$ cat entry-v1.csv   # CSV, C-alpha atoms
chain,number,residue,atom,x,y,z
A,240,MET,CA,-23.2,43.5,-13.4
A,241,HIS,CA,-19.9,44.0,-11.5
A,242,SER,CA,-16.9,46.3,-12.1
A,243,PRO,CA,-13.7,44.9,-13.6
A,244,THR,CA,-12.0,45.5,-10.4
A,245,ARG,CA,-14.5,43.5,-8.4
A,246,VAL,CA,-14.3,40.6,-11.0
A,247,LEU,CA,-10.5,40.5,-10.7
A,248,ALA,CA,-10.6,40.6,-6.9
A,249,ASP,CA,-13.0,37.7,-6.9
A,250,ILE,CA,-10.8,35.7,-9.3
A,251,ALA,CA,-7.7,36.4,-7.1
A,252,LEU,CA,-9.6,35.3,-4.0
A,253,GLY,CA,-10.8,32.1,-5.6
A,254,ALA,CA,-7.4,31.2,-7.0
A,255,GLY,CA,-5.8,31.9,-3.6
A,256,ILE,CA,-8.2,29.7,-1.8
A,257,ALA,CA,-7.6,26.9,-4.3
A,258,ALA,CA,-3.8,27.2,-4.1
A,259,ALA,CA,-3.9,27.2,-0.3
A,260,THR,CA,-6.2,24.2,-0.2
A,261,CYS,CA,-4.0,22.2,-2.6
A,262,HIS,CA,-0.9,23.2,-0.7
A,263,TRP,CA,-2.1,21.3,2.4
A,264,TRP,CA,-4.5,18.8,0.9
A,265,PRO,CA,-3.0,17.7,-2.5
A,266,ARG,CA,-5.3,16.4,-5.2
A,267,HIS,CA,-5.7,12.6,-5.5
A,268,GLN,CA,-5.1,10.9,-8.8
A,269,ASP,CA,-8.0,8.7,-9.7
A,270,GLU,CA,-6.3,6.9,-12.6
A,271,PRO,CA,-5.0,3.3,-11.9
A,272,ALA,CA,-1.3,2.8,-11.8
A,273,ASP,CA,0.6,1.6,-14.9
A,274,SER,CA,2.0,-1.9,-15.1
A,275,ALA,CA,4.1,-3.9,-17.4
A,276,ARG,CA,2.9,-6.5,-19.9
A,277,PRO,CA,2.6,-10.0,-18.5
A,278,LYS,CA,5.6,-12.4,-18.8
A,279,VAL,CA,3.1,-15.1,-19.7
A,280,PRO,CA,-0.4,-14.8,-21.2
A,281,VAL,CA,-3.1,-14.8,-18.6
A,282,PRO,CA,-6.0,-17.1,-19.4
A,283,ALA,CA,-9.4,-15.7,-20.3
A,284,LEU,CA,-11.9,-17.6,-18.1
A,285,PRO,CA,-15.5,-17.1,-19.3
A,286,SER,CA,-18.0,-17.2,-16.4
A,287,GLY,CA,-15.0,-17.9,-14.1
A,288,ASP,CA,-14.4,-21.4,-15.5
A,289,GLY,CA,-11.0,-22.5,-14.1
A,290,LEU,CA,-10.8,-19.8,-11.5
A,291,VAL,CA,-10.5,-20.9,-7.8
A,292,VAL,CA,-11.3,-18.0,-5.4
A,293,VAL,CA,-10.5,-18.1,-1.7
A,294,VAL,CA,-12.9,-15.7,0.2
A,295,ASN,CA,-11.7,-14.5,3.6
A,296,THR,CA,-15.0,-14.1,5.4
A,297,ASP,CA,-13.3,-12.1,8.2
A,298,ALA,CA,-12.4,-9.4,5.8
A,299,GLY,CA,-15.9,-8.2,4.8
A,300,SER,CA,-19.5,-9.2,4.3
A,301,GLU,CA,-19.5,-13.0,3.5
A,302,ALA,CA,-23.1,-13.3,2.3
A,303,VAL,CA,-23.1,-10.2,0.0
A,304,THR,CA,-19.7,-11.1,-1.5
A,305,GLU,CA,-20.6,-14.8,-2.1
A,306,VAL,CA,-23.9,-13.9,-3.8
A,307,GLU,CA,-22.4,-11.2,-6.0
A,308,LEU,CA,-19.5,-13.4,-7.0
A,309,ARG,CA,-21.7,-16.3,-7.9
A,310,ALA,CA,-23.8,-14.0,-10.1
A,311,LEU,CA,-20.8,-12.5,-11.8
A,312,LEU,CA,-18.8,-15.8,-12.2
A,313,PRO,CA,-21.2,-18.7,-11.9
A,314,ARG,CA,-18.6,-21.3,-12.9
A,315,ALA,CA,-15.9,-20.2,-10.5
A,316,ASP,CA,-14.9,-22.4,-7.6
A,317,LEU,CA,-15.6,-20.4,-4.5
A,318,ARG,CA,-13.9,-21.5,-1.3
A,319,LEU,CA,-15.0,-19.7,1.9
A,320,CYS,CA,-12.4,-19.5,4.7
A,321,GLU,CA,-14.5,-19.2,7.8
A,322,ALA,CA,-13.5,-17.6,11.1
A,323,GLY,CA,-11.1,-19.8,12.9
A,324,GLU,CA,-9.9,-21.6,9.8
A,325,ASP,CA,-6.3,-21.1,8.6
A,326,LEU,CA,-6.2,-18.7,5.7
A,327,HIS,CA,-2.7,-19.8,4.5
A,328,THR,CA,-3.8,-23.5,4.4
A,329,ALA,CA,-6.9,-22.6,2.3
A,330,LEU,CA,-4.7,-20.6,-0.1
A,331,ARG,CA,-2.1,-23.3,-0.4
A,332,GLU,CA,-4.8,-25.9,-1.2
A,333,ALA,CA,-6.4,-23.6,-3.8
A,334,ALA,CA,-3.0,-22.8,-5.4
A,335,ALA,CA,-2.1,-26.5,-5.6
A,336,TYR,CA,-5.5,-27.3,-7.2
A,337,VAL,CA,-5.0,-24.6,-9.9
A,338,TRP,CA,-1.4,-25.5,-10.5
A,339,ALA,CA,-2.4,-29.1,-11.2
A,340,ARG,CA,-5.4,-28.3,-13.5
A,341,GLY,CA,-4.6,-24.9,-15.0
A,342,GLY,CA,-6.5,-21.7,-14.6
A,343,ALA,CA,-6.0,-18.9,-12.1
A,344,LEU,CA,-6.0,-18.2,-8.4
A,345,GLY,CA,-8.4,-15.6,-7.0
A,346,VAL,CA,-8.7,-14.0,-3.6
A,347,VAL,CA,-11.3,-11.9,-1.8
A,348,GLY,CA,-10.1,-9.8,1.1
A,349,GLY,CA,-8.1,-6.7,2.2
A,350,ASP,CA,-4.4,-6.0,1.6
A,351,GLY,CA,-3.2,-8.5,4.2
A,352,THR,CA,-5.2,-11.3,2.6
A,353,VAL,CA,-4.0,-10.4,-0.8
A,354,ASN,CA,-0.4,-10.3,0.4
A,355,ALA,CA,-0.7,-13.9,1.5
A,356,ALA,CA,-2.2,-15.0,-1.8
A,357,ALA,CA,0.4,-13.0,-3.8
A,358,ALA,CA,3.3,-14.9,-2.2
A,359,LEU,CA,1.7,-18.3,-3.2
A,360,ALA,CA,0.9,-17.1,-6.7
A,361,VAL,CA,4.5,-16.1,-7.3
A,362,GLU,CA,5.9,-19.4,-5.9
A,363,SER,CA,3.4,-21.4,-8.0
A,364,HIS,CA,3.8,-19.2,-11.1
A,365,LEU,CA,0.0,-18.5,-11.2
A,366,PRO,CA,-1.8,-15.4,-12.3
A,367,LEU,CA,-3.7,-13.8,-9.4
A,368,ALA,CA,-7.2,-12.2,-9.6
A,369,VAL,CA,-7.5,-9.6,-6.8
A,370,PHE,CA,-11.1,-9.0,-5.7
A,371,PRO,CA,-11.5,-6.1,-3.2
A,372,GLY,CA,-13.2,-7.4,-0.1
A,373,GLY,CA,-11.5,-5.7,3.0
A,374,THR,CA,-11.8,-2.6,5.0
A,375,LEU,CA,-8.9,-1.1,2.9
A,376,ASN,CA,-8.1,-2.2,-0.6
A,377,HIS,CA,-5.1,-0.1,-1.6
A,378,PHE,CA,-3.5,-2.7,-3.9
A,379,ALA,CA,-6.8,-3.5,-5.8
A,380,THR,CA,-7.5,0.2,-6.2
A,381,ASP,CA,-4.0,0.9,-7.6
A,382,LEU,CA,-4.6,-2.0,-10.1
A,383,GLY,CA,-7.8,-0.2,-11.2
A,384,LEU,CA,-10.1,-2.9,-9.6
A,385,PRO,CA,-12.3,-1.0,-7.0
A,386,THR,CA,-15.2,-3.4,-7.3
A,387,LEU,CA,-15.9,-7.2,-7.6
A,388,LYS,CA,-17.4,-6.6,-11.0
A,389,ASP,CA,-14.2,-4.9,-12.3
A,390,THR,CA,-12.1,-7.9,-11.4
A,391,ALA,CA,-14.7,-10.3,-12.8
A,392,GLU,CA,-14.6,-8.5,-16.2
A,393,ALA,CA,-10.8,-8.7,-16.2
A,394,VAL,CA,-10.9,-12.4,-15.6
A,395,GLU,CA,-13.3,-13.0,-18.4
A,396,SER,CA,-11.4,-10.9,-20.9
A,397,GLY,CA,-8.0,-12.3,-20.0
A,398,ARG,CA,-6.2,-9.0,-19.6
A,399,GLY,CA,-3.2,-9.0,-17.3
A,400,GLY,CA,0.2,-7.4,-16.4
A,401,THR,CA,3.2,-7.9,-14.1
A,402,VAL,CA,3.9,-5.8,-11.0
A,403,ASP,CA,6.8,-5.5,-8.6
A,404,LEU,CA,6.9,-7.1,-5.1
A,405,GLY,CA,8.6,-5.5,-2.2
A,406,ARG,CA,10.7,-8.0,-0.3
A,407,VAL,CA,11.9,-8.2,3.3
A,408,THR,CA,14.6,-10.7,4.2
A,409,GLY,CA,15.7,-11.4,7.8
A,410,ASP,CA,17.0,-14.5,9.7
A,411,GLY,CA,16.8,-16.5,6.5
A,412,ASP,CA,13.1,-15.8,6.1
A,413,CYS,CA,11.7,-13.9,3.1
A,414,THR,CA,8.4,-12.1,3.1
A,415,TYR,CA,6.8,-9.7,0.7
A,416,PHE,CA,4.8,-6.4,0.7
A,417,LEU,CA,2.5,-5.2,-2.0
A,418,ASN,CA,2.1,-1.7,-0.7
A,419,THR,CA,4.2,-0.6,2.3
A,420,PHE,CA,6.8,-1.6,4.9
A,421,SER,CA,7.5,0.5,8.0
A,422,ILE,CA,9.2,0.6,11.4
A,423,GLY,CA,9.0,3.2,14.2
A,424,VAL,CA,5.8,5.2,14.9
A,425,TYR,CA,4.3,5.0,11.4
A,426,PRO,CA,2.0,2.1,12.3
A,427,GLU,CA,0.6,4.1,15.2
A,428,LEU,CA,0.3,7.2,13.0
A,429,VAL,CA,-1.8,5.3,10.4
A,430,ARG,CA,-4.1,3.9,13.1
A,431,ALA,CA,-4.5,7.4,14.7
A,432,ARG,CA,-5.4,8.9,11.3
A,433,GLU,CA,-7.9,6.1,10.4
A,434,ALA,CA,-9.7,6.5,13.7
A,435,ARG,CA,-10.5,10.2,12.9
A,436,GLU,CA,-10.6,10.1,9.1
A,437,THR,CA,-14.3,9.5,8.7
A,438,SER,CA,-15.3,12.5,10.9
A,439,LEU,CA,-12.5,14.9,10.1
A,440,GLY,CA,-11.1,14.0,6.7
A,441,LYS,CA,-7.7,12.5,5.9
A,442,TRP,CA,-5.4,15.4,6.3
A,443,PRO,CA,-6.8,17.0,9.4
A,444,ALA,CA,-7.0,13.5,11.0
A,445,LEU,CA,-3.3,13.0,10.0
A,446,ALA,CA,-2.3,16.3,11.7
A,447,LEU,CA,-4.0,15.3,14.9
A,448,GLY,CA,-2.7,11.8,14.8
A,449,LEU,CA,0.9,13.1,14.3
A,450,LEU,CA,0.6,15.3,17.3
A,451,ARG,CA,-0.6,12.4,19.5
A,452,VAL,CA,1.9,9.9,18.2
A,453,LEU,CA,4.9,12.2,18.6
A,454,ALA,CA,3.8,13.3,22.1
A,455,ASP,CA,3.6,9.7,23.3
A,456,GLY,CA,6.2,7.9,21.3
A,457,THR,CA,10.0,7.7,21.3
A,458,PRO,CA,12.5,7.4,18.4
A,459,ILE,CA,14.3,4.2,17.7
A,460,ASP,CA,18.1,3.6,17.3
A,461,VAL,CA,19.0,1.6,14.2
A,462,ALA,CA,21.7,1.4,11.5
A,463,VAL,CA,20.7,2.1,8.0
A,464,ASP,CA,23.2,0.9,5.4
A,465,GLY,CA,25.8,0.9,8.1
A,466,GLN,CA,25.1,4.4,9.3
A,467,PRO,CA,23.8,4.8,12.9
A,468,ARG,CA,20.5,6.6,12.8
A,469,ARG,CA,18.0,7.7,15.4
A,470,LEU,CA,14.6,7.7,13.7
A,471,TRP,CA,11.0,8.4,14.4
A,472,LEU,CA,10.0,6.3,11.5
A,473,LEU,CA,11.1,4.7,8.3
A,474,PHE,CA,8.6,4.1,5.5
A,475,ALA,CA,9.3,2.0,2.4
A,476,GLY,CA,6.8,1.9,-0.4
A,477,ASN,CA,6.6,-0.7,-3.2
A,478,SER,CA,7.2,1.7,-6.1
A,479,ARG,CA,7.1,5.5,-5.8
A,480,TYR,CA,4.1,7.0,-4.1
A,481,ASP,CA,2.3,10.3,-4.4
A,482,PRO,CA,1.8,12.8,-2.9
A,483,ARG,CA,5.0,13.8,-1.1
A,484,GLY,CA,4.9,14.0,2.7
A,485,PHE,CA,3.3,11.8,5.4
A,486,ALA,CA,0.2,10.6,3.5
A,487,PRO,CA,1.3,8.6,0.5
A,488,SER,CA,-1.9,7.4,-1.1
A,489,TYR,CA,-1.4,6.3,-4.7
A,490,ARG,CA,1.3,5.1,-7.2
A,491,PRO,CA,1.7,6.2,-10.8
A,492,SER,CA,3.4,2.9,-11.6
A,493,LEU,CA,3.6,-0.6,-10.0
A,494,ASP,CA,6.7,-1.7,-11.9
A,495,ASP,CA,9.3,1.1,-11.6
A,496,GLY,CA,11.8,-1.2,-9.6
A,497,LEU,CA,12.1,1.4,-6.8
A,498,LEU,CA,11.5,1.6,-3.1
A,499,ASP,CA,9.9,4.9,-2.0
A,500,LEU,CA,11.7,5.9,1.3
A,501,ARG,CA,10.4,8.4,3.7
A,502,ILE,CA,12.4,8.9,6.9
A,503,VAL,CA,12.0,11.2,9.9
A,504,ASP,CA,15.2,11.8,11.8
A,505,GLY,CA,15.1,12.0,15.6
A,506,LYS,CA,18.6,13.2,16.4
A,507,HIS,CA,18.1,16.9,15.6
A,508,PRO,CA,17.3,19.3,18.4
A,509,PHE,CA,13.6,19.9,18.8
A,510,ALA,CA,13.0,17.3,16.1
A,511,ARG,CA,9.3,16.8,17.1
A,512,THR,CA,8.5,20.5,17.2
A,513,ARG,CA,10.2,21.2,13.9
A,514,LEU,CA,8.5,18.2,12.3
A,515,VAL,CA,5.0,19.4,13.4
A,516,VAL,CA,5.6,23.0,12.3
A,517,ALA,CA,6.9,21.8,8.9
A,518,PHE,CA,3.9,19.6,8.4
A,519,LEU,CA,1.4,22.3,9.3
A,520,THR,CA,3.1,24.9,7.2
A,521,GLY,CA,3.5,22.7,4.1
A,522,THR,CA,7.3,22.9,4.2
A,523,LEU,CA,8.0,19.3,5.1
A,524,ALA,CA,10.0,18.7,1.9
A,525,ARG,CA,12.5,21.3,3.0
A,526,SER,CA,12.7,20.3,6.7
A,527,ARG,CA,16.0,18.9,7.9
A,528,VAL,CA,14.3,16.3,10.0
A,529,TYR,CA,12.5,14.7,7.0
A,530,GLN,CA,14.1,12.8,4.2
A,531,GLU,CA,12.4,11.5,1.1
A,532,THR,CA,14.3,9.5,-1.6
A,533,THR,CA,14.2,6.3,-3.6
A,534,ALA,CA,16.4,3.2,-3.5
A,535,VAL,CA,16.6,-0.3,-4.9
A,536,ARG,CA,18.0,-1.9,-1.7
A,537,LEU,CA,18.2,-1.1,2.0
A,538,ARG,CA,19.8,-2.8,5.0
A,539,ILE,CA,18.6,-2.0,8.5
A,540,ASP,CA,20.4,-3.4,11.6
A,541,CYS,CA,19.2,-3.6,15.2
A,542,VAL,CA,15.6,-3.4,14.3
A,543,GLY,CA,14.3,-6.3,16.4
A,544,LYS,CA,15.8,-4.7,19.5
A,545,ALA,CA,14.0,-1.4,18.9
A,546,SER,CA,10.7,-1.9,17.0
A,547,ASP,CA,8.2,-4.1,15.4
A,548,CYS,CA,7.6,-3.8,11.6
A,549,THR,CA,4.5,-3.4,9.5
A,550,ARG,CA,3.8,-5.0,6.1
A,551,ASP,CA,0.7,-4.0,4.3
A,552,GLY,CA,-1.0,-3.1,7.6
A,553,GLU,CA,0.0,-6.3,9.4
A,554,VAL,CA,2.2,-5.7,12.5
A,555,GLY,CA,4.7,-8.3,13.5
A,556,PRO,CA,8.1,-8.8,15.1
A,557,ALA,CA,11.2,-7.8,13.2
A,558,SER,CA,14.5,-9.5,12.9
A,559,ASP,CA,17.6,-7.8,14.2
A,560,THR,CA,18.9,-7.3,10.6
A,561,LEU,CA,16.5,-6.7,7.6
A,562,ILE,CA,17.3,-6.4,3.9
A,563,ILE,CA,14.6,-4.5,2.0
A,564,ASP,CA,14.6,-4.8,-1.8
A,565,LYS,CA,12.4,-5.6,-4.8
A,566,ARG,CA,11.5,-8.5,-7.0
A,567,PRO,CA,10.8,-6.6,-10.2
A,568,ARG,CA,7.7,-7.7,-12.2
A,569,ALA,CA,7.4,-10.9,-10.2
A,570,LEU,CA,3.6,-11.0,-9.8
A,571,THR,CA,1.2,-11.5,-12.7
A,572,VAL,CA,-2.2,-10.1,-12.0
A,573,TYR,CA,-5.5,-9.5,-13.9
A,574,LEU,CA,-6.1,-5.9,-14.9
A,575,PRO,CA,-9.1,-3.9,-16.1
A,576,ALA,CA,-10.4,-5.0,-19.5
A,577,GLY,CA,-10.5,-1.5,-20.9
A,578,ARG,CA,-6.9,-0.5,-20.2
$ encode --input "entry-v1.csv" --output "structure tokens"
Amino acid sequence: MHSPTRVLADIALGAGIAAATCHWWPRHQDEPADSARPKVPVPALPSGDGLVVVVNTDAGSEAVTEVELRALLPRADLRLCEAGEDLHTALREAAAYVWARGGALGVVGGDGTVNAAAALAVESHLPLAVFPGGTLNHFATDLGLPTLKDTAEAVESGRGGTVDLGRVTGDGDCTYFLNTFSIGVYPELVRAREARETSLGKWPALALGLLRVLADGTPIDVAVDGQPRRLWLLFAGNSRYDPRGFAPSYRPSLDDGLLDLRIVDGKHPFARTRLVVAFLTGTLARSRVYQETTAVRLRIDCVGKASDCTRDGEVGPASDTLIIDKRPRALTVYLPAGR
């Protein structure tokens, strides 16, 4: 119906549009991350017998979640943490109960809730069943558990693996992160993106958020591994993230022993302008104001005087000196039965 020249021109046009689209909006990998084999066998719990699940009712729909869980795992011990109750107390009581009687600890909530449960599971040497129940469920998604049913099937089949934990140490205190740690303007950048993501899409919302945050914010002065740095942001991911750039969204592995570091330098002339131009033109990886690398340990000094920090979406005060490293394969989790 068409001449060969017309067909070739249409092919070239379609391929060009596809290449340009993927240049600015990289494809997302839908496969769950890999993980290591468990250090200890995880118990198979038919109908949830032996599973104690703490449900953070502030994280999602309490009624729907409770009904679905009771239908999926009728013999599980569900403990609702109502608004105003202390989540950490509820998790500690559940962990102590499981440790004394055997079984597994479960948690329903977003990444912040799962973070609190993971710390107790590691301390008590318990396997953790992660049920997605928050606004954002990045960790559960990377495990390959996007729904309550997926986790319930994993619990009943007794399939598990071990994953790394990111660790933050400062002033003698030790905290963990399952996904990300950051200082600087990154927390504001994420909030600005999420406020526009539904209507604009992730990458256009990120571009607008970047413009707003850089226009209103200021860089921070810290020392990274003893070297004075003036930074717009420092991002550390628990294991390497893809894609490259400002919107890390998934991990090929959860046990690679690495920190994924993404740093924006604020000392170069016209750093803000150069950063925005590099982002919009897809040349961020070659920009002198942007650095992307991996590490196993990082020391940051003078943080508390310059910035708060964010762990798994939870913003809090930072100590003056922070050590960022990993606990390799420290957390045992349930994984999809079909892996």
$ closest_residue --input "entry-v1.csv" --among "A:Ser478, A:Asn295, A:Thr532, A:Thr401" --to "Leu367 in chain A" --atoms "only C-alpha atoms"
A:Thr401
$ residues_around --input "entry-v1.csv" --residues "Val554 in chain A" --least-positions-apart "3" --cutoff "12 Å" --atoms "all atoms listed in the file" --output "mmCIF file with C-alpha atoms, keeping the file's coordinate frame"
data_model
loop_
_atom_site.group_PDB
_atom_site.id
_atom_site.type_symbol
_atom_site.label_atom_id
_atom_site.label_comp_id
_atom_site.auth_asym_id
_atom_site.auth_seq_id
_atom_site.Cartn_x
_atom_site.Cartn_y
_atom_site.Cartn_z
ATOM 1 C CA GLY A 351 -3.200 -8.500 4.200
ATOM 2 C CA THR A 419 4.200 -0.600 2.300
ATOM 3 C CA PHE A 420 6.800 -1.600 4.900
ATOM 4 C CA SER A 421 7.500 0.500 8.000
ATOM 5 C CA ILE A 422 9.200 0.600 11.400
ATOM 6 C CA GLY A 423 9.000 3.200 14.200
ATOM 7 C CA VAL A 424 5.800 5.200 14.900
ATOM 8 C CA TYR A 425 4.300 5.000 11.400
ATOM 9 C CA PRO A 426 2.000 2.100 12.300
ATOM 10 C CA GLU A 427 0.600 4.100 15.200
ATOM 11 C CA VAL A 429 -1.800 5.300 10.400
ATOM 12 C CA ARG A 430 -4.100 3.900 13.100
ATOM 13 C CA SER A 546 10.700 -1.900 17.000
ATOM 14 C CA ASP A 547 8.200 -4.100 15.400
ATOM 15 C CA CYS A 548 7.600 -3.800 11.600
ATOM 16 C CA THR A 549 4.500 -3.400 9.500
ATOM 17 C CA ARG A 550 3.800 -5.000 6.100
ATOM 18 C CA ASP A 551 0.700 -4.000 4.300
ATOM 19 C CA ALA A 557 11.200 -7.800 13.200
#
$ residues_around --input "entry-v1.csv" --residues "Thr512 in chain A" --least-positions-apart "2" --cutoff "12 Å" --atoms "all atoms listed in the file" --output "list in words"
Leu449, Leu450, Leu453, Ala454, Gly505, His507, Pro508, Phe509, Ala510, Leu514, Val515, Val516, Ala517, Phe518, Leu519, Ser526 and Val528 of chain A
$ write_last_selection --input "entry-v1.csv" --atoms "C-alpha atoms" --output "compact mmCIF listing (two decimals), in the frame of the given file"
# COMPACT_ATOMS: atom_id res chain seq x y z
CA LEU A 449 0.90 13.10 14.30
CA LEU A 450 0.60 15.30 17.30
CA LEU A 453 4.90 12.20 18.60
CA ALA A 454 3.80 13.30 22.10
CA GLY A 505 15.10 12.00 15.60
CA HIS A 507 18.10 16.90 15.60
CA PRO A 508 17.30 19.30 18.40
CA PHE A 509 13.60 19.90 18.80
CA ALA A 510 13.00 17.30 16.10
CA LEU A 514 8.50 18.20 12.30
CA VAL A 515 5.00 19.40 13.40
CA VAL A 516 5.60 23.00 12.30
CA ALA A 517 6.90 21.80 8.90
CA PHE A 518 3.90 19.60 8.40
CA LEU A 519 1.40 22.30 9.30
CA SER A 526 12.70 20.30 6.70
CA VAL A 528 14.30 16.30 10.00
$ residues_around --input "entry-v1.csv" --residues "range 373-380 of chain A" --least-positions-apart "4" --cutoff "9 Å" --atoms "only C-alpha atoms" --output "NGL selection string"
:A and (271-272 or 295 or 297-300 or 347-353 or 369 or 384-386 or 390 or 417-418 or 488-489)
$ write_last_selection --input "entry-v1.csv" --atoms "C-alpha atoms" --output "PDB file, keeping the file's coordinate frame"
ATOM      1  CA  PRO A 271      -5.000   3.300 -11.900  1.00  0.00           C
ATOM      2  CA  ALA A 272      -1.300   2.800 -11.800  1.00  0.00           C
ATOM      3  CA  ASN A 295     -11.700 -14.500   3.600  1.00  0.00           C
ATOM      4  CA  ASP A 297     -13.300 -12.100   8.200  1.00  0.00           C
ATOM      5  CA  ALA A 298     -12.400  -9.400   5.800  1.00  0.00           C
ATOM      6  CA  GLY A 299     -15.900  -8.200   4.800  1.00  0.00           C
ATOM      7  CA  SER A 300     -19.500  -9.200   4.300  1.00  0.00           C
ATOM      8  CA  VAL A 347     -11.300 -11.900  -1.800  1.00  0.00           C
ATOM      9  CA  GLY A 348     -10.100  -9.800   1.100  1.00  0.00           C
ATOM     10  CA  GLY A 349      -8.100  -6.700   2.200  1.00  0.00           C
ATOM     11  CA  ASP A 350      -4.400  -6.000   1.600  1.00  0.00           C
ATOM     12  CA  GLY A 351      -3.200  -8.500   4.200  1.00  0.00           C
ATOM     13  CA  THR A 352      -5.200 -11.300   2.600  1.00  0.00           C
ATOM     14  CA  VAL A 353      -4.000 -10.400  -0.800  1.00  0.00           C
ATOM     15  CA  VAL A 369      -7.500  -9.600  -6.800  1.00  0.00           C
ATOM     16  CA  LEU A 384     -10.100  -2.900  -9.600  1.00  0.00           C
ATOM     17  CA  PRO A 385     -12.300  -1.000  -7.000  1.00  0.00           C
ATOM     18  CA  THR A 386     -15.200  -3.400  -7.300  1.00  0.00           C
ATOM     19  CA  THR A 390     -12.100  -7.900 -11.400  1.00  0.00           C
ATOM     20  CA  LEU A 417       2.500  -5.200  -2.000  1.00  0.00           C
ATOM     21  CA  ASN A 418       2.100  -1.700  -0.700  1.00  0.00           C
ATOM     22  CA  SER A 488      -1.900   7.400  -1.100  1.00  0.00           C
ATOM     23  CA  TYR A 489      -1.400   6.300  -4.700  1.00  0.00           C
TER      24      TYR A 489
END
$ atom_distance --input "entry-v1.csv" --atom1 "CA of Ile459 in chain A" --atom2 "CA of Gly411 in chain A"
23.7 Å
$ residues_around --input "entry-v1.csv" --residues "Ser396 in chain A" --least-positions-apart "3" --cutoff "12 Å" --atoms "all atoms listed in the file" --output "VMD selection string"
chain A and resid 280 to 287 389 to 393 399 573 to 578
$ write_last_selection --input "entry-v1.csv" --atoms "C-alpha atoms" --output "PDB file, in the coordinates of the input"
ATOM      1  CA  PRO A 280      -0.400 -14.800 -21.200  1.00  0.00           C
ATOM      2  CA  VAL A 281      -3.100 -14.800 -18.600  1.00  0.00           C
ATOM      3  CA  PRO A 282      -6.000 -17.100 -19.400  1.00  0.00           C
ATOM      4  CA  ALA A 283      -9.400 -15.700 -20.300  1.00  0.00           C
ATOM      5  CA  LEU A 284     -11.900 -17.600 -18.100  1.00  0.00           C
ATOM      6  CA  PRO A 285     -15.500 -17.100 -19.300  1.00  0.00           C
ATOM      7  CA  SER A 286     -18.000 -17.200 -16.400  1.00  0.00           C
ATOM      8  CA  GLY A 287     -15.000 -17.900 -14.100  1.00  0.00           C
ATOM      9  CA  ASP A 389     -14.200  -4.900 -12.300  1.00  0.00           C
ATOM     10  CA  THR A 390     -12.100  -7.900 -11.400  1.00  0.00           C
ATOM     11  CA  ALA A 391     -14.700 -10.300 -12.800  1.00  0.00           C
ATOM     12  CA  GLU A 392     -14.600  -8.500 -16.200  1.00  0.00           C
ATOM     13  CA  ALA A 393     -10.800  -8.700 -16.200  1.00  0.00           C
ATOM     14  CA  GLY A 399      -3.200  -9.000 -17.300  1.00  0.00           C
ATOM     15  CA  TYR A 573      -5.500  -9.500 -13.900  1.00  0.00           C
ATOM     16  CA  LEU A 574      -6.100  -5.900 -14.900  1.00  0.00           C
ATOM     17  CA  PRO A 575      -9.100  -3.900 -16.100  1.00  0.00           C
ATOM     18  CA  ALA A 576     -10.400  -5.000 -19.500  1.00  0.00           C
ATOM     19  CA  GLY A 577     -10.500  -1.500 -20.900  1.00  0.00           C
ATOM     20  CA  ARG A 578      -6.900  -0.500 -20.200  1.00  0.00           C
TER      21      ARG A 578
END
$ residues_around --input "entry-v1.csv" --residues "Gln466 in chain A" --least-positions-apart "4" --cutoff "12 Å" --atoms "all atoms listed in the file" --output "NGL selection string"
:A and (460-462 or 470 or 537-541)
$ write_last_selection --input "entry-v1.csv" --atoms "C-alpha atoms" --output "PDB file, in the coordinates of the input"
ATOM      1  CA  ASP A 460      18.100   3.600  17.300  1.00  0.00           C
ATOM      2  CA  VAL A 461      19.000   1.600  14.200  1.00  0.00           C
ATOM      3  CA  ALA A 462      21.700   1.400  11.500  1.00  0.00           C
ATOM      4  CA  LEU A 470      14.600   7.700  13.700  1.00  0.00           C
ATOM      5  CA  LEU A 537      18.200  -1.100   2.000  1.00  0.00           C
ATOM      6  CA  ARG A 538      19.800  -2.800   5.000  1.00  0.00           C
ATOM      7  CA  ILE A 539      18.600  -2.000   8.500  1.00  0.00           C
ATOM      8  CA  ASP A 540      20.400  -3.400  11.600  1.00  0.00           C
ATOM      9  CA  CYS A 541      19.200  -3.600  15.200  1.00  0.00           C
TER      10      CYS A 541
END
$ atom_distance --input "entry-v1.csv" --atom1 "CA of Asn354 in chain A" --atom2 "CA of Val306 in chain A"
24.1 Å
$ closest_residue --input "entry-v1.csv" --among "A:Thr304, A:Ser438, A:Thr296, A:Thr533" --to "Leu326 in chain A" --atoms "all atoms listed in the file"
A:Thr296
$ atom_distance --input "entry-v1.csv" --atom1 "CA of Arg511 in chain A" --atom2 "CA of Leu472 in chain A"
11.9 Å
$ closest_residue --input "entry-v1.csv" --among "A:Arg331, A:Ser363, A:Ala343, A:Val279" --to "Arg568 in chain A" --atoms "all atoms listed in the file"
A:Val279
$ decode --input "entry-v1.csv" --residues "range 465-477 of chain A" --atoms "C-alpha atoms" --output "PDB file, in the first residue's frame"
ATOM      1  CA  GLY A 465      37.233  14.219  55.573  1.00  0.00           C
ATOM      2  CA  GLN A 466      36.865  16.341  52.423  1.00  0.00           C
ATOM      3  CA  PRO A 467      34.975  19.676  52.757  1.00  0.00           C
ATOM      4  CA  ARG A 468      32.013  19.676  50.394  1.00  0.00           C
ATOM      5  CA  ARG A 469      29.262  22.124  49.542  1.00  0.00           C
ATOM      6  CA  LEU A 470      26.300  20.009  48.489  1.00  0.00           C
ATOM      7  CA  TRP A 471      22.783  20.424  47.267  1.00  0.00           C
ATOM      8  CA  LEU A 472      22.027  16.860  48.218  1.00  0.00           C
ATOM      9  CA  LEU A 473      23.535  13.522  49.131  1.00  0.00           C
ATOM     10  CA  PHE A 474      21.499  10.378  48.497  1.00  0.00           C
ATOM     11  CA  ALA A 475      22.492   6.903  49.696  1.00  0.00           C
ATOM     12  CA  GLY A 476      20.531   3.863  48.567  1.00  0.00           C
ATOM     13  CA  ASN A 477      20.502   0.471  50.265  1.00  0.00           C
TER      14      ASN A 477
END
